[in-house]
file input28.cif (mmCIF, C-alpha atoms)
data_final
loop_
_atom_site.label_atom_id
_atom_site.label_comp_id
_atom_site.auth_asym_id
_atom_site.auth_seq_id
_atom_site.Cartn_x
_atom_site.Cartn_y
_atom_site.Cartn_z
CA MET A 798 8.81 -4.89 21.85
CA LYS A 799 8.60 -3.51 18.35
CA LEU A 800 5.43 -3.04 16.27
CA LYS A 801 5.65 -2.47 12.54
CA ILE A 802 2.44 -0.55 11.72
CA THR A 803 2.77 -0.50 7.93
CA ALA A 804 -0.38 -2.58 7.43
CA LEU A 805 -2.32 -0.28 9.77
CA ALA A 806 -1.34 2.81 7.78
CA VAL A 807 -2.45 1.19 4.51
CA LEU A 808 -5.79 0.21 6.04
CA ALA A 809 -6.37 3.71 7.41
CA ALA A 810 -5.80 5.16 3.91
CA LEU A 811 -8.28 2.82 2.14
CA PRO A 812 -11.47 4.91 2.72
CA LEU A 813 -9.76 8.09 1.49
CA ILE A 814 -8.34 6.42 -1.62
CA SER A 815 -11.62 4.76 -2.59
CA THR A 816 -13.46 8.10 -2.26
CA GLN A 817 -10.89 10.22 -4.09
CA ALA A 818 -10.63 7.68 -6.94
CA LEU A 819 -14.13 8.71 -8.03
CA ALA A 820 -13.26 12.40 -8.19
CA GLN A 821 -10.39 14.69 -9.22
CA ALA A 822 -9.97 13.06 -12.67
CA PRO A 823 -7.40 14.99 -14.78
CA SER A 824 -8.85 17.68 -17.00
CA ALA A 825 -8.05 18.10 -20.67
CA ALA A 826 -5.73 21.01 -19.77
CA GLU A 827 -3.70 18.80 -17.42
CA LEU A 828 -3.33 16.04 -20.02
CA GLU A 829 -1.95 18.54 -22.54
CA ARG A 830 1.01 19.24 -20.24
CA LYS A 831 3.85 16.91 -21.25
CA VAL A 832 6.92 17.11 -18.98
CA PHE A 833 6.79 16.55 -15.20
CA GLY A 834 9.28 16.45 -12.34
CA SER A 835 8.74 14.91 -8.89
CA LEU A 836 10.31 14.83 -5.44
CA PHE A 837 9.44 12.03 -3.02
CA GLY A 838 10.17 10.34 0.27
CA GLU A 839 9.88 6.58 0.64
CA TYR A 840 10.11 3.65 3.03
CA TYR A 841 11.72 0.45 1.75
CA TRP A 842 11.62 -3.18 2.97
CA SER A 843 14.31 -5.72 2.01
CA HIS A 844 13.63 -9.43 1.50
CA GLU A 845 14.71 -11.81 4.28
CA ASN A 846 17.29 -13.34 1.90
CA LYS A 847 19.14 -10.03 2.28
CA SER A 848 18.53 -9.47 6.00
CA LEU A 849 19.88 -12.96 6.79
CA SER A 850 22.90 -12.69 4.45
CA ALA A 851 26.26 -11.29 5.54
CA ALA A 852 27.08 -10.67 1.86
CA TRP A 853 24.24 -8.12 1.81
CA ASP A 854 25.34 -6.69 5.21
CA ASN A 855 22.05 -7.99 6.69
CA VAL A 856 20.08 -5.00 5.36
CA GLU A 857 16.45 -4.80 6.53
CA HIS A 858 14.40 -1.64 5.98
CA GLY A 859 14.66 2.13 6.12
CA PRO A 860 13.77 5.50 4.57
CA GLY A 861 14.87 7.14 1.36
CA ILE A 862 14.44 10.26 -0.76
CA GLY A 863 14.48 10.71 -4.49
CA ALA A 864 13.53 12.58 -7.65
CA GLU A 865 11.86 11.76 -10.98
CA LEU A 866 11.82 13.31 -14.44
CA GLY A 867 9.10 12.12 -16.80
CA TYR A 868 7.27 12.70 -20.07
CA ARG A 869 3.55 12.15 -20.74
CA VAL A 870 3.45 10.68 -24.26
CA ASN A 871 -0.37 10.79 -24.43
CA GLN A 872 -3.40 10.45 -22.14
CA THR A 873 -2.56 6.76 -21.52
CA TRP A 874 1.22 6.30 -21.63
CA GLY A 875 4.21 8.01 -20.05
CA VAL A 876 7.86 7.32 -19.23
CA ARG A 877 10.08 8.51 -16.36
CA LEU A 878 13.62 8.36 -14.99
CA GLU A 879 14.09 7.82 -11.24
CA TYR A 880 16.90 8.30 -8.70
CA ALA A 881 16.67 7.48 -4.98
CA ARG A 882 19.10 7.51 -2.06
CA GLN A 883 18.24 4.95 0.65
CA ARG A 884 19.47 4.49 4.21
CA LEU A 885 18.59 0.93 5.34
CA ASP A 886 19.01 -0.52 8.83
CA SER A 887 21.20 -3.61 9.32
CA LEU A 888 20.59 -6.51 11.69
CA THR A 889 24.22 -6.23 12.73
CA GLY A 890 23.77 -2.56 13.75
CA GLY A 891 24.15 0.76 11.96
CA SER A 892 22.77 1.56 8.51
CA ILE A 893 23.75 1.02 4.89
CA GLY A 894 23.63 3.67 2.14
CA ILE A 895 22.28 2.48 -1.25
CA ASP A 896 21.73 4.40 -4.53
CA ARG A 897 18.89 3.30 -6.84
CA PHE A 898 18.25 4.52 -10.37
CA GLY A 899 16.26 3.26 -13.33
CA VAL A 900 13.48 3.83 -15.84
CA ASP A 901 9.72 3.11 -15.77
CA ALA A 902 6.82 2.96 -18.20
CA MET A 903 3.54 4.41 -16.85
CA TYR A 904 0.02 3.32 -17.86
CA HIS A 905 -2.77 5.70 -16.76
CA LEU A 906 -6.22 4.16 -16.22
CA ALA A 907 -9.02 5.90 -18.11
CA ASN A 908 -11.27 8.33 -16.17
CA THR A 909 -9.27 8.01 -12.92
CA ASN A 910 -6.05 9.29 -11.40
CA PHE A 911 -4.75 5.74 -10.84
CA TYR A 912 -1.74 4.52 -12.83
CA ILE A 913 0.37 1.36 -13.18
CA VAL A 914 4.19 1.41 -13.43
CA GLY A 915 6.76 -1.17 -14.48
CA GLY A 916 10.44 -0.98 -15.28
CA TRP A 917 14.09 -1.75 -14.48
CA LYS A 918 16.15 -0.60 -11.48
CA HIS A 919 19.86 -0.77 -10.61
CA PHE A 920 20.99 -0.77 -6.95
CA GLU A 921 24.51 0.40 -6.07
CA GLY A 922 25.67 -0.15 -2.49
CA ASN A 923 27.08 -3.03 -0.48
CA VAL A 924 26.17 -5.29 -3.44
CA SER A 925 25.49 -4.12 -7.00
CA SER A 926 22.28 -5.67 -8.34
CA ASP A 927 19.46 -5.23 -10.82
CA ALA A 928 15.72 -5.75 -10.47
CA LEU A 929 12.43 -5.54 -12.35
CA ASN A 930 9.64 -3.66 -10.61
CA VAL A 931 5.86 -3.32 -10.92
CA GLY A 932 3.59 -1.04 -8.91
CA VAL A 933 0.44 1.05 -8.68
CA GLY A 934 0.01 4.73 -7.82
CA TYR A 935 -2.56 7.47 -7.38
CA ARG A 936 -2.35 11.22 -8.09
CA TYR A 937 -4.41 13.98 -6.48
CA PHE A 938 -4.30 17.26 -8.42
CA VAL A 939 -4.04 20.24 -6.08
CA ARG A 940 -4.21 22.51 -9.12
CA ASN A 941 -3.60 22.16 -12.87
CA ASP A 942 0.20 22.05 -12.56
CA VAL A 943 0.73 20.47 -9.10
CA ALA A 944 -0.23 16.94 -7.95
CA LEU A 945 0.39 14.91 -4.82
CA PHE A 946 0.95 11.17 -5.28
CA ALA A 947 1.29 7.88 -3.42
CA GLU A 948 2.84 4.77 -5.00
CA MET A 949 3.65 1.18 -3.98
CA ASN A 950 6.20 -1.03 -5.81
CA ARG A 951 7.41 -4.65 -5.68
CA TYR A 952 11.00 -5.35 -6.81
CA GLU A 953 12.21 -8.77 -8.04
CA GLY A 954 15.95 -9.33 -8.27
CA ILE A 955 17.29 -10.60 -11.59
CA ASN A 956 20.85 -11.26 -10.40
CA ASN A 957 22.78 -11.95 -7.17
CA GLY A 958 20.31 -14.50 -5.83
CA SER A 959 16.55 -14.64 -5.42
CA TRP A 960 14.99 -11.69 -3.54
CA TYR A 961 11.78 -9.69 -3.52
CA ASP A 962 11.76 -6.18 -2.00
CA ALA A 963 8.90 -3.69 -1.53
CA GLY A 964 8.57 0.07 -1.11
CA ILE A 965 5.99 2.81 -0.72
CA LYS A 966 6.60 6.44 -1.57
CA PHE A 967 4.79 9.76 -1.19
CA GLY A 968 5.63 12.92 -3.06
CA ALA A 969 4.63 15.85 -5.24
CA SER A 970 4.81 16.39 -9.01
CA TRP A 971 5.09 19.60 -10.99
CA ILE A 972 3.73 19.48 -14.57
CA PHE A 973 5.28 21.74 -17.23
CA GLY A 974 4.04 22.59 -20.73
CA ALA A 975 1.55 24.63 -22.70
CA GLU A 976 -2.02 25.06 -21.55
CA ALA A 977 -4.76 23.47 -23.64
CA ALA A 978 -5.40 25.44 -26.83
CA PRO A 979 -8.23 28.00 -26.50
CA ALA A 980 -11.47 27.20 -28.22
CA PRO A 981 -11.83 28.82 -31.68
CA THR A 982 -14.01 31.90 -31.98
CA PRO A 983 -17.40 30.74 -33.20
CA ALA A 984 -18.69 31.98 -36.55
CA PRO A 985 -21.60 34.43 -36.49
CA ALA A 986 -24.84 32.59 -35.97
CA PRO A 987 -27.20 32.49 -38.97
CA ALA A 988 -30.50 34.30 -38.78
CA PRO A 989 -32.99 32.25 -36.81
CA ALA A 990 -35.55 30.28 -38.75
CA PRO A 991 -39.21 30.93 -38.14
CA ALA A 992 -40.20 29.48 -34.82
CA GLU A 993 -42.04 26.17 -34.84
CA PRO A 994 -44.09 24.73 -32.02
CA ALA A 995 -41.63 23.36 -29.48
CA GLU A 996 -41.75 19.68 -28.59
CA PRO A 997 -41.71 18.77 -24.91
CA ALA A 998 -38.09 18.55 -23.69
CA ALA A 999 -36.81 15.10 -22.62
CA PRO A 1000 -36.04 14.80 -18.91
CA ALA A 1001 -32.44 15.86 -18.27
CA ASP A 1002 -29.77 13.26 -17.33
CA SER A 1003 -26.64 15.38 -16.77
CA ASP A 1004 -24.25 12.54 -15.88
CA ASN A 1005 -25.63 10.07 -18.50
CA ASP A 1006 -26.13 7.27 -15.98
CA GLY A 1007 -29.68 6.44 -17.14
CA VAL A 1008 -31.36 8.13 -14.15
CA THR A 1009 -33.01 11.51 -14.75
CA ASP A 1010 -31.76 14.48 -12.71
CA ILE A 1011 -35.03 14.81 -10.83
CA ASN A 1012 -34.62 11.25 -9.46
CA ASP A 1013 -30.80 11.23 -9.25
CA ARG A 1014 -29.63 11.34 -5.61
CA CYS A 1015 -25.94 10.96 -6.60
CA PRO A 1016 -25.12 13.40 -9.42
CA ASN A 1017 -21.84 13.21 -11.36
CA THR A 1018 -21.24 9.47 -10.94
CA ALA A 1019 -18.38 8.05 -13.03
CA ALA A 1020 -19.39 7.04 -16.55
CA ASN A 1021 -18.13 3.44 -16.18
CA HIS A 1022 -19.93 2.70 -12.86
CA GLN A 1023 -23.11 0.71 -12.47
CA VAL A 1024 -25.79 2.68 -10.58
CA ASP A 1025 -28.90 1.81 -8.59
CA PRO A 1026 -32.39 3.27 -9.28
CA GLN A 1027 -31.40 6.42 -7.34
CA GLY A 1028 -28.34 6.99 -9.57
CA CYS A 1029 -25.73 6.02 -6.93
CA THR A 1030 -22.70 3.80 -7.59
CA VAL A 1031 -23.17 0.10 -6.75
CA PHE A 1032 -20.36 -1.31 -4.59
CA THR A 1033 -19.17 -4.81 -3.70
CA GLU A 1034 -17.65 -5.51 -0.29
CA GLU A 1035 -15.17 -8.23 0.64
CA MET A 1036 -12.63 -8.96 3.34
CA GLN A 1037 -9.09 -8.54 2.05
CA ARG A 1038 -5.69 -9.13 3.65
CA VAL A 1039 -3.98 -5.77 4.23
CA GLY A 1040 -0.62 -6.93 5.61
CA ASP A 1041 1.36 -8.57 8.40
CA VAL A 1042 2.32 -6.95 11.69
CA ASP A 1043 5.25 -8.29 13.75
CA ILE A 1044 4.75 -7.87 17.49
CA GLU A 1045 8.09 -8.63 19.13
CA VAL A 1046 6.95 -9.77 22.62
CA LYS A 1047 9.69 -11.17 24.86
CA PHE A 1048 8.56 -13.83 27.35
CA GLY A 1049 10.30 -15.19 30.41
CA PHE A 1050 11.47 -18.79 30.45
CA ASP A 1051 8.49 -21.18 30.25
CA SER A 1052 6.13 -18.20 30.61
CA ALA A 1053 3.16 -16.98 28.52
CA SER A 1054 2.60 -13.76 30.49
CA VAL A 1055 3.08 -10.39 28.77
CA SER A 1056 4.90 -7.98 31.06
CA ALA A 1057 3.45 -4.53 31.75
CA ASP A 1058 6.23 -2.71 29.87
CA GLN A 1059 5.53 -4.74 26.70
CA ARG A 1060 1.78 -4.15 26.44
CA SER A 1061 1.79 -0.67 24.86
CA GLU A 1062 1.97 -1.64 21.19
CA VAL A 1063 -0.56 -4.45 21.62
CA ILE A 1064 -2.85 -1.78 23.11
CA GLN A 1065 -2.16 0.40 20.02
CA LEU A 1066 -3.38 -2.45 17.81
CA ALA A 1067 -6.51 -2.72 19.98
CA ALA A 1068 -7.17 1.02 19.59
CA PHE A 1069 -6.84 0.71 15.83
CA MET A 1070 -9.29 -2.21 15.66
CA LYS A 1071 -11.83 -0.27 17.71
CA ARG A 1072 -11.47 2.62 15.27
CA PHE A 1073 -12.14 0.25 12.34
CA PRO A 1074 -14.84 -2.10 13.67
CA GLU A 1075 -14.92 -4.25 10.49
CA SER A 1076 -11.26 -5.29 10.80
CA GLU A 1077 -10.24 -8.75 12.02
CA VAL A 1078 -6.90 -10.17 13.23
CA VAL A 1079 -5.21 -13.58 13.56
CA ILE A 1080 -2.58 -13.75 16.34
CA GLU A 1081 0.09 -16.37 15.56
CA GLY A 1082 2.49 -17.69 18.20
CA HIS A 1083 5.90 -19.10 17.28
CA ALA A 1084 8.65 -20.66 19.39
CA SER A 1085 12.40 -21.19 19.18
CA ASN A 1086 13.69 -24.66 18.34
CA ILE A 1087 14.71 -25.63 21.88
CA GLY A 1088 13.31 -28.60 23.79
CA ASN A 1089 10.31 -30.82 23.02
CA PRO A 1090 8.35 -29.77 19.87
CA THR A 1091 4.99 -30.83 21.37
CA TYR A 1092 5.60 -28.74 24.48
CA ASN A 1093 6.74 -25.77 22.33
CA MET A 1094 3.49 -26.05 20.34
CA ARG A 1095 1.40 -25.72 23.50
CA LEU A 1096 3.61 -22.91 24.79
CA SER A 1097 3.21 -20.95 21.52
CA GLU A 1098 -0.59 -21.39 21.76
CA ARG A 1099 -0.63 -20.00 25.31
CA ARG A 1100 1.51 -17.04 24.30
CA ALA A 1101 -0.73 -16.21 21.31
CA LYS A 1102 -3.78 -16.40 23.59
CA SER A 1103 -2.11 -14.01 26.07
CA VAL A 1104 -1.83 -11.36 23.36
CA ALA A 1105 -5.41 -12.06 22.20
CA ASP A 1106 -6.63 -11.65 25.80
CA ILE A 1107 -5.04 -8.19 25.98
CA LEU A 1108 -6.99 -7.15 22.86
CA THR A 1109 -10.20 -8.50 24.40
CA SER A 1110 -9.54 -6.70 27.69
CA GLU A 1111 -9.13 -3.45 25.74
CA GLY A 1112 -12.66 -3.80 24.30
CA VAL A 1113 -12.08 -5.65 20.99
CA GLU A 1114 -14.80 -8.28 20.45
CA SER A 1115 -13.49 -11.82 20.75
CA SER A 1116 -15.35 -12.78 17.55
CA ARG A 1117 -12.87 -10.58 15.63
CA ILE A 1118 -9.78 -12.24 17.14
CA THR A 1119 -8.29 -15.66 16.35
CA SER A 1120 -5.23 -17.01 18.17
CA VAL A 1121 -3.19 -20.01 16.97
CA GLY A 1122 0.16 -21.55 17.89
CA TYR A 1123 2.68 -22.92 15.37
CA GLY A 1124 5.44 -23.96 17.76
CA VAL A 1125 8.62 -24.58 15.74
CA THR A 1126 6.88 -25.44 12.44
CA ARG A 1127 7.46 -22.00 10.88
CA LEU A 1128 10.97 -20.96 11.85
CA ARG A 1129 12.05 -17.55 10.64
CA VAL A 1130 15.76 -18.37 10.96
CA GLU A 1131 17.24 -21.89 10.77
CA GLY A 1132 20.02 -22.88 13.17
CA ASN A 1133 20.79 -23.50 16.82
CA THR A 1134 22.32 -20.12 17.71
CA PRO A 1135 21.14 -17.51 20.26
CA GLU A 1136 20.38 -15.15 17.35
CA ALA A 1137 18.21 -17.75 15.60
CA HIS A 1138 16.33 -18.56 18.82
CA ALA A 1139 15.67 -14.85 19.46
CA ALA A 1140 14.36 -14.34 15.91
CA ASN A 1141 12.06 -17.40 16.06
CA GLN A 1142 10.47 -16.61 19.44
CA ARG A 1143 7.86 -14.15 18.21
CA ILE A 1144 4.21 -13.20 17.83
CA GLU A 1145 2.78 -12.24 14.40
CA ALA A 1146 -0.56 -10.56 13.67
CA LYS A 1147 -2.35 -10.80 10.33
CA VAL A 1148 -4.97 -8.08 9.77
CA THR A 1149 -7.86 -8.13 7.29
CA ALA A 1150 -10.50 -5.49 6.58
CA LYS A 1151 -13.61 -4.95 4.51
CA VAL A 1152 -12.82 -3.14 1.22
CA LYS A 1153 -15.44 -1.53 -1.03
CA GLU A 1154 -15.01 -1.66 -4.83
CA PRO A 1155 -17.30 -0.03 -7.42
CA VAL A 1156 -19.11 -2.37 -9.85
CA LEU A 1157 -18.16 -1.40 -13.43
CA ARG A 1158 -20.48 -1.47 -16.41
#
call {"tool": "encode", "arguments": {"input": "input28.cif", "output": "structure tokens"}}
result
Amino acid sequence: MKLKITALAVLAALPLISTQALAQAPSAAELERKVFGSLFGEYYWSHENKSLSAAWDNVEHGPGIGAELGYRVNQTWGVRLEYARQRLDSLTGGSIGIDRFGVDAMYHLANTNFYIVGGWKHFEGNVSSDALNVGVGYRYFVRNDVALFAEMNRYEGINNGSWYDAGIKFGASWIFGAEAAPAPTPAPAPAPAPAEPAEPAAPADSDNDGVTDINDRCPNTAANHQVDPQGCTVFTEEMQRVGDVDIEVKFGFDSASVSADQRSEVIQLAAFMKRFPESEVVIEGHASNIGNPTYNMRLSERRAKSVADILTSEGVESSRITSVGYGVTRLRVEGNTPEAHAANQRIEAKVTAKVKEPVLR
């Protein structure tokens, strides 16, 4: 049994990202630095059109490392060159080495450390191919010349068939260049004019959010955020899909029972859902294309319910769990081979969670 916990990692990072996005905005000194270099590690997922193709050596997913060299044109725009070396697993066994290089344009969102990237990539490995990519990233400045970053990208092939890959990378950037110019020495102040009766000072509003400091319970809110009467950012909340999780549970013939040695990763999912009580999950059962379709539909429903029952027994409220069977209506691999039957007999979990977003002015 194999559990891919990518969606869980993304969900666990959401509270940190939403909090940090409101702070750590780049200073003027940082924006004056032009050239930057980065080192990163990544994890990469190939489209099923590659994993099911012998021409692509059935590549699936795997890690990679790489480097970037970029130039910050101004506070909004930048460009960078990228090189990465990937090592992707193959369904047929072993791993495949692939080199990726290309160029990106970078658009930095005002008053935040978020940025958007888009560009062209060339892949050199078992098959040479090109792709266009688009992604989003976030930088956290440790100091003026060092930043940590996380970035997600989607790649769309523009030759050698239709495919859509995805990747997430984490790394560090070093920014080079001159510091911001020092402020000019002020001219000597003129002699003070004769004092006049002072007018009462207006109540201070340091962060210019329309709420005076004496009533402001959330100082230093972002300039583009709506605030409530206490000066705190107004948020919206909605349930959003955060990803799919494949739970490879192997059942005995005509059985919907989960064996004891295959429960551990289902229990991990239960522990995660108890840690994040606003998350919800849909357990989907699928069957291989053998025998009567109506019977396979009922069998897939029983198998999905078996996994849902494990979550309930581990303390996850049943109101947060939905189980459904699809039988043979959503085959992952077409064909009447042992490999196709093994790939189609599966359980999938789809996780959603409540995400907070600030309301902008």
call {"tool": "residues_around", "arguments": {"input": "input28.cif", "residues": "A:Leu1157", "least_positions_apart": "3", "cutoff": "7 Å", "atoms": "all atoms listed in the file", "output": "list of chain:residue names"}}
result
A:Asn1021, A:His1022, A:Gln1023
call {"tool": "write_last_selection", "arguments": {"input": "input28.cif", "atoms": "C-alpha atoms", "output": "PDB file, in the frame of the given file"}}
result
ATOM      1  CA  ASN A1021     -18.130   3.440 -16.180  1.00  0.00           C
ATOM      2  CA  HIS A1022     -19.930   2.700 -12.860  1.00  0.00           C
ATOM      3  CA  GLN A1023     -23.110   0.710 -12.470  1.00  0.00           C
TER       4      GLN A1023
END
call {"tool": "resolve_selection", "arguments": {"input": "input28.cif", "expression": "the PyMOL selection byres ((chain A and resi 1096) around 8)", "output": "list in words"}}
result
Asp1051, Ser1052, Ala1053, Ala1084, Tyr1092, Asn1093, Met1094, Arg1095, Ser1097, Glu1098, Arg1099, Arg1100, Gly1122 and Gly1124 of chain A
call {"tool": "closest_residue", "arguments": {"input": "input28.cif", "among": "A:Gln1142, A:Glu1081, A:Lys1071, A:Glu845", "to": "A:Val1121", "atoms": "only C-alpha atoms"}}
result
A:Glu1081
call {"tool": "resolve_selection", "arguments": {"input": "input28.cif", "expression": "the PyMOL selection byres ((chain A and resi 922-930) around 9)", "output": "list in words"}}
result
Ala852, Trp853, Asp854, Ile893, Gly894, Ile895, Asp896, Arg897, Asp901, Val914, Gly915, Gly916, Trp917, Lys918, His919, Phe920, Glu921, Val931, Gly932, Asn950, Arg951, Tyr952, Glu953, Gly954, Ile955, Asn956, Asn957 and Tyr961 of chain A
call {"tool": "residues_around", "arguments": {"input": "input28.cif", "residues": "stretch 1007-1019 of chain A", "least_positions_apart": "3", "cutoff": "10 Å", "atoms": "only C-alpha atoms", "output": "ChimeraX atom specification"}}
result
/A:818-820,822,908-909,999-1004,1022-1030,1155,1157
call {"tool": "atom_distance", "arguments": {"input": "input28.cif", "atom1": "atom CA of A:Leu849", "atom2": "atom CA of A:Met949"}}
result
24.1 Å
call {"tool": "closest_residue", "arguments": {"input": "input28.cif", "among": "A:Asn855, A:Phe911, A:Asn1086, A:Glu865", "to": "A:Gly891", "atoms": "all atoms listed in the file"}}
result
A:Asn855
call {"tool": "atom_distance", "arguments": {"input": "input28.cif", "atom1": "atom CA of A:Leu836", "atom2": "atom CA of A:Ala864"}}
result
4.5 Å
